[in-house]
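Heads up, target-v8.cif below (mmCIF, C-alpha atoms):
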```
data_structure
#
loop_
_atom_site.label_atom_id
_atom_site.label_comp_id
_atom_site.auth_asym_id
_atom_site.auth_seq_id
_atom_site.Cartn_x
_atom_site.Cartn_y
_atom_site.Cartn_z
CA MET G 1 -50.13 21.85 -2.07
CA GLN G 2 -52.28 21.91 1.04
CA ASP G 3 -50.32 18.93 2.38
CA ALA G 4 -47.06 20.80 1.79
CA ASP G 5 -48.43 23.88 3.62
CA GLU G 6 -49.60 21.71 6.47
CA ARG G 7 -46.20 19.98 6.75
CA LEU G 8 -44.41 23.34 6.70
CA LEU G 9 -46.74 24.72 9.39
CA ARG G 10 -46.17 21.69 11.61
CA ALA G 11 -42.39 21.87 11.11
CA VAL G 12 -42.25 25.59 12.00
CA MET G 13 -44.46 25.05 15.07
CA ALA G 14 -42.27 22.12 16.19
CA LEU G 15 -39.13 24.25 15.79
CA LEU G 16 -40.60 27.22 17.69
CA THR G 17 -41.62 24.87 20.50
CA ALA G 18 -38.30 22.99 20.55
CA LYS G 19 -36.37 26.27 20.76
CA GLY G 20 -38.59 27.44 23.61
CA ILE G 21 -39.79 30.52 21.68
CA THR G 22 -43.45 29.60 22.13
CA SER G 23 -45.65 26.67 23.10
CA ALA G 24 -48.47 24.75 21.44
CA GLU G 25 -50.83 26.22 24.07
CA GLU G 26 -49.74 29.78 23.28
CA ILE G 27 -50.21 29.22 19.54
CA ALA G 28 -53.69 27.75 20.14
CA GLU G 29 -54.53 30.79 22.31
CA ARG G 30 -53.39 33.23 19.59
CA VAL G 31 -55.47 31.37 16.98
CA ARG G 32 -58.49 31.61 19.30
CA VAL G 33 -57.95 35.35 19.87
CA THR G 34 -57.44 36.04 16.16
CA ASP G 35 -60.58 34.11 15.21
CA ALA G 36 -62.61 35.97 17.87
CA ALA G 37 -61.58 39.39 16.53
CA SER G 38 -64.25 40.93 14.29
CA PRO G 39 -65.97 44.28 13.67
CA GLY G 40 -68.56 43.09 16.21
CA GLN G 41 -66.00 43.76 18.97
CA GLY G 42 -65.45 47.38 17.90
CA ALA G 43 -69.22 47.80 17.50
CA ARG G 44 -69.75 46.75 21.12
CA MET G 45 -67.28 49.43 22.23
CA VAL G 46 -69.04 52.07 20.11
CA ALA G 47 -72.48 51.13 21.47
CA ARG G 48 -71.21 51.26 25.07
CA ALA G 49 -69.57 54.66 24.48
CA TRP G 50 -72.82 56.08 23.03
CA ARG G 51 -74.72 55.15 26.19
CA ASP G 52 -72.08 55.58 28.89
CA PRO G 53 -70.19 58.92 29.10
CA GLY G 54 -67.64 57.46 31.54
CA TYR G 55 -66.84 54.64 29.13
CA ARG G 56 -66.66 57.11 26.23
CA ALA G 57 -64.09 59.18 28.14
CA LEU G 58 -62.00 56.07 28.86
CA MET G 59 -62.22 54.97 25.22
CA LEU G 60 -60.95 58.32 23.93
CA GLN G 61 -58.17 58.42 26.48
CA ASP G 62 -56.99 54.80 26.22
CA GLY G 63 -58.56 52.54 23.60
CA THR G 64 -56.64 49.49 24.77
CA ARG G 65 -58.01 49.71 28.32
CA ALA G 66 -61.51 50.40 27.01
CA ALA G 67 -61.33 47.24 24.84
CA GLU G 68 -60.07 45.19 27.77
CA ALA G 69 -62.91 46.53 29.92
CA LEU G 70 -65.31 44.72 27.55
CA GLY G 71 -63.27 41.51 27.69
CA ILE G 72 -61.58 41.97 24.30
CA PRO G 73 -58.10 40.37 24.47
CA MET G 74 -55.45 43.06 23.79
CA ARG G 75 -52.30 41.34 25.07
CA GLY G 76 -49.55 41.66 22.47
CA ALA G 77 -51.64 44.01 20.32
CA PRO G 78 -50.29 47.49 19.47
CA PRO G 79 -51.81 50.40 21.45
CA LEU G 80 -55.29 51.32 20.27
CA GLY G 81 -56.26 54.96 19.73
CA VAL G 82 -59.85 56.11 19.22
CA LEU G 83 -60.84 59.13 17.12
CA GLU G 84 -64.19 60.73 17.89
CA ASN G 85 -66.33 62.00 15.05
CA THR G 86 -68.30 65.14 15.90
CA PRO G 87 -70.73 67.31 13.91
CA GLU G 88 -67.63 69.41 13.02
CA VAL G 89 -64.93 66.76 12.31
CA HIS G 90 -65.06 63.49 10.36
CA HIS G 91 -62.10 61.07 10.69
CA LEU G 92 -60.91 58.70 7.97
CA VAL G 93 -58.27 56.06 8.77
CA VAL G 94 -55.66 54.84 6.29
CA CYS G 95 -52.17 53.33 6.40
CA THR G 96 -50.27 54.74 3.43
CA LEU G 97 -47.02 52.90 4.23
CA CYS G 98 -48.45 49.39 4.59
CA SER G 99 -51.69 48.04 6.05
CA CYS G 100 -51.76 48.80 9.81
CA TYR G 101 -55.26 47.99 11.04
CA PRO G 102 -56.78 47.63 14.54
CA ARG G 103 -57.28 43.87 14.10
CA ALA G 104 -57.91 43.19 17.78
CA VAL G 105 -61.17 45.17 17.62
CA LEU G 106 -62.08 45.08 13.89
CA GLY G 107 -60.72 41.70 12.73
CA TYR G 108 -59.22 41.27 9.26
CA PRO G 109 -59.25 44.44 7.13
CA PRO G 110 -61.57 44.64 4.11
CA PHE G 111 -59.68 43.83 0.88
CA TRP G 112 -59.65 47.43 -0.35
CA PHE G 113 -57.99 48.76 2.82
CA LYS G 114 -54.62 47.39 1.64
CA SER G 115 -55.05 48.47 -2.00
CA ALA G 116 -52.66 51.04 -3.43
CA ALA G 117 -55.66 53.00 -4.74
CA TYR G 118 -57.30 53.40 -1.32
CA ARG G 119 -54.00 54.26 0.38
CA ALA G 120 -53.08 56.88 -2.21
CA ARG G 121 -56.51 58.45 -2.57
CA ALA G 122 -57.40 58.62 1.11
CA VAL G 123 -54.69 61.21 1.72
CA ARG G 124 -54.92 63.05 -1.61
CA ASP G 125 -58.64 63.10 -2.40
CA PRO G 126 -60.49 62.05 0.77
CA ARG G 127 -63.78 63.70 -0.19
CA GLY G 128 -63.79 62.05 -3.62
CA LEU G 129 -63.08 58.69 -2.00
CA LEU G 130 -65.78 59.20 0.63
CA ALA G 131 -68.31 60.07 -2.08
CA GLU G 132 -67.62 56.72 -3.76
CA PHE G 133 -68.53 55.04 -0.48
CA GLY G 134 -71.77 57.05 -0.52
CA THR G 135 -70.57 59.45 2.19
CA HIS G 136 -71.31 63.04 1.25
CA LEU G 137 -70.15 65.49 3.91
CA PRO G 138 -71.26 69.13 4.02
CA GLU G 139 -68.57 71.71 3.25
CA SER G 140 -68.71 72.84 6.88
CA VAL G 141 -67.47 69.46 8.17
CA ARG G 142 -63.70 69.17 8.43
CA VAL G 143 -62.23 65.91 7.09
CA ARG G 144 -59.29 64.68 9.14
CA VAL G 145 -57.41 61.80 7.52
CA VAL G 146 -55.44 59.76 10.07
CA ASP G 147 -52.49 57.98 8.46
CA SER G 148 -51.26 55.20 10.78
CA THR G 149 -47.57 55.14 10.08
CA ALA G 150 -46.04 53.71 13.24
CA ASP G 151 -46.95 52.03 16.52
CA TYR G 152 -50.61 52.92 17.09
CA ARG G 153 -53.71 51.41 15.55
CA TRP G 154 -56.70 53.72 15.10
CA MET G 155 -60.46 53.24 15.06
CA VAL G 156 -63.22 55.82 14.67
CA LEU G 157 -65.98 56.41 17.22
CA PRO G 158 -68.75 57.36 14.77
CA LEU G 159 -71.60 59.78 15.37
CA ARG G 160 -74.68 58.24 16.94
CA PRO G 161 -77.60 58.50 14.51
CA ALA G 162 -80.65 60.53 15.50
CA GLY G 163 -83.71 58.65 16.65
CA THR G 164 -81.80 55.99 18.60
CA ASP G 165 -82.14 57.53 22.09
CA GLU G 166 -84.24 54.68 23.43
CA TRP G 167 -82.16 51.88 21.90
CA ASP G 168 -80.28 49.43 24.12
CA GLU G 169 -76.62 48.52 23.63
CA GLU G 170 -77.26 45.36 21.66
CA ARG G 171 -79.54 47.10 19.18
CA LEU G 172 -77.06 49.97 18.78
CA ALA G 173 -74.11 47.61 18.24
CA ALA G 174 -76.03 45.84 15.47
CA ILE G 175 -76.10 48.97 13.26
CA VAL G 176 -72.36 49.77 13.52
CA ARG G 177 -70.45 48.46 10.47
CA GLU G 178 -66.71 48.08 9.95
CA GLY G 179 -66.66 50.97 7.44
CA ASP G 180 -68.16 53.29 10.07
CA MET G 181 -65.18 52.54 12.34
CA ILE G 182 -62.68 53.11 9.50
CA GLY G 183 -64.50 56.32 8.61
CA VAL G 184 -65.49 55.57 5.00
CA THR G 185 -69.16 55.51 5.98
CA GLN G 186 -71.45 56.93 8.65
CA VAL G 187 -73.77 54.88 10.83
CA ALA G 188 -77.24 54.56 9.33
CA PRO G 189 -80.09 53.53 11.65
CA MET O 1 -39.76 66.82 24.25
CA LEU O 2 -42.11 68.72 21.95
CA ALA O 3 -45.19 70.28 23.51
CA ALA O 4 -48.72 70.11 22.09
CA GLY O 5 -49.22 73.08 19.79
CA ALA O 6 -45.54 73.32 18.75
CA ARG O 7 -45.02 74.16 15.09
CA VAL O 8 -42.71 71.63 13.48
CA ARG O 9 -41.22 70.87 10.09
CA VAL O 10 -40.69 67.30 8.90
CA ARG O 11 -37.05 66.88 7.87
CA ASP O 12 -36.67 67.17 4.09
CA ASP O 13 -34.47 64.10 4.05
CA TRP O 14 -34.46 61.12 1.67
CA PRO O 15 -32.37 58.36 3.26
CA GLU O 16 -33.74 55.91 0.68
CA THR O 17 -31.52 57.65 -1.89
CA ARG O 18 -28.43 56.78 0.18
CA GLY O 19 -28.95 53.04 0.52
CA PRO O 20 -31.12 50.38 2.13
CA CYS O 21 -33.24 51.79 4.93
CA HIS O 22 -36.64 51.53 6.57
CA VAL O 23 -38.47 54.80 7.17
CA ARG O 24 -41.88 55.31 8.82
CA THR O 25 -42.18 58.95 7.69
CA PRO O 26 -44.39 59.20 4.57
CA HIS O 27 -42.68 60.83 1.58
CA TYR O 28 -45.57 63.29 1.04
CA LEU O 29 -44.76 64.99 4.35
CA ARG O 30 -41.01 65.52 3.95
CA GLY O 31 -40.31 69.24 4.28
CA ARG O 32 -43.92 70.02 5.34
CA THR O 33 -44.89 72.11 8.35
CA GLY O 34 -47.47 70.98 10.89
CA VAL O 35 -48.53 71.24 14.51
CA VAL O 36 -47.89 68.73 17.31
CA VAL O 37 -51.17 67.30 18.65
CA ARG O 38 -49.63 65.22 21.43
CA HIS O 39 -46.81 62.90 22.46
CA LEU O 40 -48.08 59.33 21.95
CA GLY O 41 -45.33 57.60 23.92
CA ASP O 42 -41.80 56.32 23.30
CA PHE O 43 -41.31 53.40 20.92
CA PRO O 44 -38.29 51.47 19.59
CA ASN O 45 -36.87 53.20 16.51
CA PRO O 46 -38.26 51.25 13.50
CA GLU O 47 -35.25 52.27 11.41
CA ASP O 48 -33.14 49.95 13.60
CA LEU O 49 -35.83 47.37 14.38
CA ALA O 50 -36.23 46.63 10.67
CA PHE O 51 -32.60 45.48 10.51
CA ALA O 52 -32.67 43.59 13.85
CA ARG O 53 -30.30 46.16 15.37
CA PRO O 54 -30.63 47.32 18.99
CA ALA O 55 -33.37 49.95 18.81
CA GLU O 56 -33.40 52.97 21.11
CA ARG O 57 -36.85 54.13 22.26
CA ARG O 58 -37.74 57.42 20.60
CA PRO O 59 -40.63 59.83 21.24
CA LEU O 60 -43.53 59.40 18.82
CA TYR O 61 -45.85 62.35 18.13
CA HIS O 62 -49.22 62.84 16.50
CA VAL O 63 -48.71 65.74 14.11
CA ARG O 64 -51.46 67.54 12.18
CA PHE O 65 -51.03 69.10 8.73
CA GLU O 66 -53.33 71.09 6.49
CA GLN O 67 -54.26 68.84 3.61
CA GLU O 68 -54.58 71.40 0.83
CA PRO O 69 -51.01 72.82 0.73
CA ILE O 70 -49.52 69.32 0.50
CA TRP O 71 -51.19 68.50 -2.81
CA ARG O 72 -52.16 72.02 -3.96
CA GLU O 73 -55.69 70.70 -4.28
CA GLY O 74 -58.42 69.72 -1.92
CA HIS O 75 -60.75 71.43 0.49
CA ALA O 76 -59.58 74.27 2.74
CA GLY O 77 -59.74 73.21 6.38
CA ASP O 78 -59.28 69.47 5.76
CA GLU O 79 -56.37 67.89 7.60
CA VAL O 80 -54.07 64.89 7.75
CA GLN O 81 -52.84 63.60 11.10
CA VAL O 82 -49.80 61.33 11.21
CA GLU O 83 -47.53 59.55 13.71
CA ILE O 84 -43.98 60.87 13.32
CA PHE O 85 -40.89 60.10 15.38
CA GLY O 86 -39.20 63.04 17.09
CA HIS O 87 -35.92 62.65 15.23
CA TRP O 88 -37.78 63.48 11.99
CA LEU O 89 -39.10 66.79 13.36
CA GLU O 90 -37.42 70.17 13.63
CA GLU O 91 -38.84 73.35 15.14
CA ALA O 92 -40.50 75.57 12.55
#
```

Would you mind giving the structure from this file in structure tokens?
Amino acid sequence: MQDADERLLRAVMALLTAKGITSAEEIAERVRVTDAASPGQGARMVARAWRDPGYRALMLQDGTRAAEALGIPMRGAPPLGVLENTPEVHHLVVCTLCSCYPRAVLGYPPFWFKSAAYRARAVRDPRGLLAEFGTHLPESVRVRVVDSTADYRWMVLPLRPAGTDEWDEERLAAIVREGDMIGVTQVAP
Amino acid sequence: MLAAGARVRVRDDWPETRGPCHVRTPHYLRGRTGVVVRHLGDFPNPEDLAFARPAERRPLYHVRFEQEPIWREGHAGDEVQVEIFGHWLEEA
């Protein structure tokens, strides 16, 4: 079976190259970019934004440019939007229509992100869903579910935990998990 | 062009009942009223793109809705914010 997959892959790549649609170099470059994408990239952006107000402003205004400013390849990726959590508003990202995900900065989505259960419940019962992830928000915090239905990809800029004022960027980035940037969890120091 | 703060209603339309189509407007919002947050840019109309037809660029908006009235359950004040193309929105 693996041999058949491999033969099919080679045949499709040869056809794409022969027709001038892409090149072996371009395919290799895309594979490299895709493999490099991981939640660690988004975490670096979050850590920078927590320490640098100018970067935070750029990130909220234009996520794509903010990612590029940290050397994250965004060419060919859909525009990235960033949603800032505050003490008043908590964002939760879902794609009810399919599985849109900011792969350039978060990598492959966790398995549950594409599940029918997550997609249905995130919009209908967000607080119940959050509680199952261990996230219990006070009544006073507004939950804003962001359903990516079209051309943007969304990530959350989570709240910086208390007691991390003296931390450097690397140490901050290490505590930011993928769920914090989807909005199912909050950053724990 | 719709301005930020404009009250809008999502068209109560169900093209999927008329034949094959591709719609990026979630069913749970058809006929619902919300508020424009901002214009996100102009993007090729996915309803044509999906069928490899020439696709005109259409304005895409971020629109915010109260969560509770949609499902008649939930927590007052909670919201859902969704990308919706301009041709699915009418002034409310």

As a check of understanding, name the residues that the PyMOL selection byres ((chain O) within 8 of (chain G)) selects in the supplied structure, as a list in words.
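Evaluating the PyMOL selection byres ((chain O) within 8 of (chain G)) on this file yields Arg24, Thr25, Pro26, Phe43, Gln67, Trp71, Gly74, Gly77, Asp78, Glu79, Val80, Gln81, Val82, Glu83 and Ile84 of chain O.
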
Can you work out the spacing between atom CA of O:Gly41 and atom CA of O:Leu60 in Å, to one decimal?
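Computing it gives 5.7 Å between the two atoms.
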
Give me the residues near stretch 30-32 of chain O as a list in words, where near means some atom within 8 Å (using only C-alpha atoms) and where sequence neighbours in that chain fewer than 6 positions away do not count.
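Listing them by chain and then by number gives Arg9, Val10, Arg11, Asp12, Asp13, Phe65 and Ile70 of chain O.
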
Can you measure atom CA of G:Gly183 to atom CA of G:Ile72 for me? One decimal in Å is fine.
21.5 Å

Output check: residues returned by the PyMOL selection byres ((chain G and resi 64) around 8), as a PyMOL selection string
chain G and resi 59+62-63+65-68+74+79-81

In Å and to one decimal, atom CA of G:Trp50 is distant from atom CA of G:Arg160 by 6.7 Å

Since I can't run it myself right now, could you work out what the PyMOL selection byres ((chain G and resi 173) around 12) selects here and report it as JSON, numbers by chain?
{"G": [39, 40, 41, 42, 43, 44, 45, 46, 47, 48, 49, 50, 51, 158, 160, 164, 167, 168, 169, 170, 171, 172, 174, 175, 176, 177, 178, 180, 181, 187, 188, 189]}

Residues of the last selection are to be written out with C-alpha atoms, as an mmCIF file, keeping the file's coordinate frame.
```cif
data_model
loop_
_atom_site.group_PDB
_atom_site.id
_atom_site.type_symbol
_atom_site.label_atom_id
_atom_site.label_comp_id
_atom_site.auth_asym_id
_atom_site.auth_seq_id
_atom_site.Cartn_x
_atom_site.Cartn_y
_atom_site.Cartn_z
ATOM 1 C CA PRO G 39 -65.970 44.280 13.670
ATOM 2 C CA GLY G 40 -68.560 43.090 16.210
ATOM 3 C CA GLN G 41 -66.000 43.760 18.970
ATOM 4 C CA GLY G 42 -65.450 47.380 17.900
ATOM 5 C CA ALA G 43 -69.220 47.800 17.500
ATOM 6 C CA ARG G 44 -69.750 46.750 21.120
ATOM 7 C CA MET G 45 -67.280 49.430 22.230
ATOM 8 C CA VAL G 46 -69.040 52.070 20.110
ATOM 9 C CA ALA G 47 -72.480 51.130 21.470
ATOM 10 C CA ARG G 48 -71.210 51.260 25.070
ATOM 11 C CA ALA G 49 -69.570 54.660 24.480
ATOM 12 C CA TRP G 50 -72.820 56.080 23.030
ATOM 13 C CA ARG G 51 -74.720 55.150 26.190
ATOM 14 C CA PRO G 158 -68.750 57.360 14.770
ATOM 15 C CA ARG G 160 -74.680 58.240 16.940
ATOM 16 C CA THR G 164 -81.800 55.990 18.600
ATOM 17 C CA TRP G 167 -82.160 51.880 21.900
ATOM 18 C CA ASP G 168 -80.280 49.430 24.120
ATOM 19 C CA GLU G 169 -76.620 48.520 23.630
ATOM 20 C CA GLU G 170 -77.260 45.360 21.660
ATOM 21 C CA ARG G 171 -79.540 47.100 19.180
ATOM 22 C CA LEU G 172 -77.060 49.970 18.780
ATOM 23 C CA ALA G 174 -76.030 45.840 15.470
ATOM 24 C CA ILE G 175 -76.100 48.970 13.260
ATOM 25 C CA VAL G 176 -72.360 49.770 13.520
ATOM 26 C CA ARG G 177 -70.450 48.460 10.470
ATOM 27 C CA GLU G 178 -66.710 48.080 9.950
ATOM 28 C CA ASP G 180 -68.160 53.290 10.070
ATOM 29 C CA MET G 181 -65.180 52.540 12.340
ATOM 30 C CA VAL G 187 -73.770 54.880 10.830
ATOM 31 C CA ALA G 188 -77.240 54.560 9.330
ATOM 32 C CA PRO G 189 -80.090 53.530 11.650
#
```

Compare O:Val36, O:Cys21, O:Leu29, O:Leu2 by their minimum atom-to-atom distance to O:Phe51, counting only C-alpha atoms, and give me the closest one.
O:Cys21

5 Å per side around stretch 26-33 of chain O: axis-aligned box centre and edge lengths, as lines of an AutoDock Vina configuration file:
```
center_x = -42.9
center_y = 65.7
center_z = 4.7
size_x = 15.3
size_y = 22.9
size_z = 17.3
```

Looking at only C-alpha atoms, which of O:His62, O:Gly5, O:Pro69, O:Gly86 is the one that sits closest to G:Trp154?
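Of O:His62, O:Gly5, O:Pro69, O:Gly86, the one nearest G:Trp154 is O:His62, counting only C-alpha atoms.
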
Could you give me, as a short mmCIF file (atom, residue, chain, number, x, y, z; two decimals) with C-alpha atoms, in the coordinates of the input, the residues within 10 Å of G:Pro73, counting all atoms listed in the file and dropping anything in the same chain fewer than 4 positions from it?
```cif
data_model
loop_
_atom_site.label_atom_id
_atom_site.label_comp_id
_atom_site.auth_asym_id
_atom_site.auth_seq_id
_atom_site.Cartn_x
_atom_site.Cartn_y
_atom_site.Cartn_z
CA ARG G 30 -53.39 33.23 19.59
CA VAL G 33 -57.95 35.35 19.87
CA THR G 34 -57.44 36.04 16.16
CA ALA G 36 -62.61 35.97 17.87
CA ALA G 37 -61.58 39.39 16.53
CA THR G 64 -56.64 49.49 24.77
CA ALA G 67 -61.33 47.24 24.84
CA GLU G 68 -60.07 45.19 27.77
CA ALA G 69 -62.91 46.53 29.92
CA ALA G 77 -51.64 44.01 20.32
CA ALA G 104 -57.91 43.19 17.78
CA VAL G 105 -61.17 45.17 17.62
#
```

Close residues, G:Leu159 itself excluded, 9 Å, all atoms listed in the file, min 2 positions apart in chain, as a list in words
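These residues fall inside the cut-off: Trp50, Glu84, Asn85, Thr86, Pro87, Leu157, Pro161, Gln186 and Val187 of chain G.
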
Mind listing as an NGL selection string all residues within 7 Å of (-49.7, 70.1, 12.7), counting all atoms listed in the file?
:O and (7 or 33-37 or 63-65)
